[in-house]
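S.K.: Supplied in structure tokens, the structure appears directly below.
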Amino acid sequence: MSDKLEEMLNVAAAMVSPGRGILAIDESTGTIKKRLDSVNVESTEDNRRGYRQMLLTAENLGEHISGAILFDETLRQSTDGGVLFTQVMQDADVIPGIKVDKGAHPLAGFEGEKITEGLDGLRERLEEYYELGARFAKWRAVITIDEFLPSQTCIDANCHALARYAALCQEAGLVPMVEPEVLMDGDHDIETALQVTELTLKTLFNNLYEQDVILEACILKTSMVVSGSDCAEQANVDEVAEATLDCLLNSVPASLAGIVFLSGGQSEVEATEHLDAMNKIGNLPWPLSFSYGRALQASALKVWGANPKDNVQAGQAELLHRSRMNGLAAQGEYSTDLEEH
Ligand code: 13P
């Protein structure tokens, strides 16, 4: 086995090691502005650095966080004391990851649908990211559900791009974290979400197979199967857990290194409860963990944003609490009683 492959296998296994998951803080400049606006903090480069410094320097972050996905800007930034964030992470046993797609753009000819761009020049960017310390890379595709969507064309185009990016990642020695997100926006029921997610994942794994992606060195980041956020009838925790596992067991090969979920607009506690319910059912071929953005950051952002100078530790306490809750959920050992802190 080549050294590169051995390293990727180790990284993929560490990303989903028992009781740990991924912190997604790779918001693009546009998205982080929205988040900071929500707490009345101006989105300057230094405030973005300060916010992410607060998160990345939380004490013992690595206990429940195995890796963090960064945006290009963050991968190059340092703490107030001049230590690179990538160094802080390595010291805390948190693997640096990087978002490498260039965002979802309108899919020509298919109104309401998107295609993720970013393949041009990706080989060179991946080489640089490896040099800068990144060991895994994320690419997010977006699938929208409505009365007439998604089209097969949108699913095919996005899955093809995901597989091309994943193959380039492995060539560069980075573990691909392939993320097809079926959006929860809309009034569709959970059955529709199940069908669309299953079709998307089957198409994705066909494409990964055709492009020779090594599944043992690949992580799937997926949406859970939930009712559309405007659907009158909302599936409960057990229904979400069962539908999501049903979908995954039908479409994801057992050799994949692991599966992590995005939170996609779920509340912090919902995202934890759903993950826990799936792991309580257990007996699965892959580790199931988390790679949450909003569901790990919402409380931390709110507390820190109220007073960024004085509330660094208070914000960190919120992040560490959510990390611990999700770490327990990744082992099916969570209970809402543990939320008091
Ligand atoms: P959310 O958990 O907020 O959906 O973000 C995860 C993510 O990385 C989306 O690409």
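Numbering starts fresh at 1 for the residues of each chain in the structure tokens, the chains themselves are lettered A, B, ... in the order given, and ligands are numbered from 1 as they appear.
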Could you list the protein, DNA and RNA residues that have any atom within 9 Å of ligand 1, counting only C-alpha atoms and all ligand atoms, and write them as number ranges by chain?
M.R.: A: 23-27, 69, 99, 138-141, 179-181, 221, 223, 261-266, 271, 290-298
S.K.: Would you list the contacts of range 144-149 of chain A as a list in words, taking every protein, DNA or RNA residue within 7 Å and counting only C-alpha atoms, but skipping same-chain residues closer than 3 positions in sequence?
M.R.: Glu113, Val182, Leu183 and Gly186 of chain A
S.K.: Pull the helix (DSSP H, G or I) assignments for range 15-149 of chain A out of DSSP run on the backbone, and list those residues as a ChimeraX atom specification.
M.R.: /A:15,29-37,45-56,61-63,72-75,85-91,122-131
S.K.: Near range 317-332 of chain A, counting only C-alpha atoms, which residues have an atom at most 9 Å away, once you skip same-chain residues fewer than 5 positions from it, shown as a VMD selection string?
M.R.: chain A and resid 18 to 21 23 55 58 to 61 63 to 65 268 to 269 271 to 282 287 to 290 295 to 301 303 312 338 to 339 341
S.K.: Can you tell me which residues surround Thr244 in chain A at a distance of at most 12 Å, considering only C-alpha atoms, apart from same-chain residues fewer than 6 positions away, and format the answer as a ChimeraX atom specification?
M.R.: /A:190-191,193-198,201,222-227,235,237-238,250-252,259,261,274-275,277-279,281,288
S.K.: Counting only C-alpha atoms, which residue out of A:Gly67, A:Leu75, A:Gln53, A:Leu126 sits closest to Val16 in chain A?
M.R.: A:Gly67
S.K.: Write out as a PyMOL selection string the residues lying within 12 Å of Gln87 in chain A, counting only C-alpha atoms and excluding same-chain residues fewer than 3 positions away.
M.R.: chain A and resi 56-57+75-79+82-84+90-96+132-134
S.K.: Restricting the calculation to only C-alpha atoms, which member of A:Tyr209, A:Phe85, A:Tyr130, A:Tyr165 is positioned closest to Met54 in chain A?
M.R.: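 Of the candidates, the smallest distance to Met54 in chain A is held by A:Phe85.
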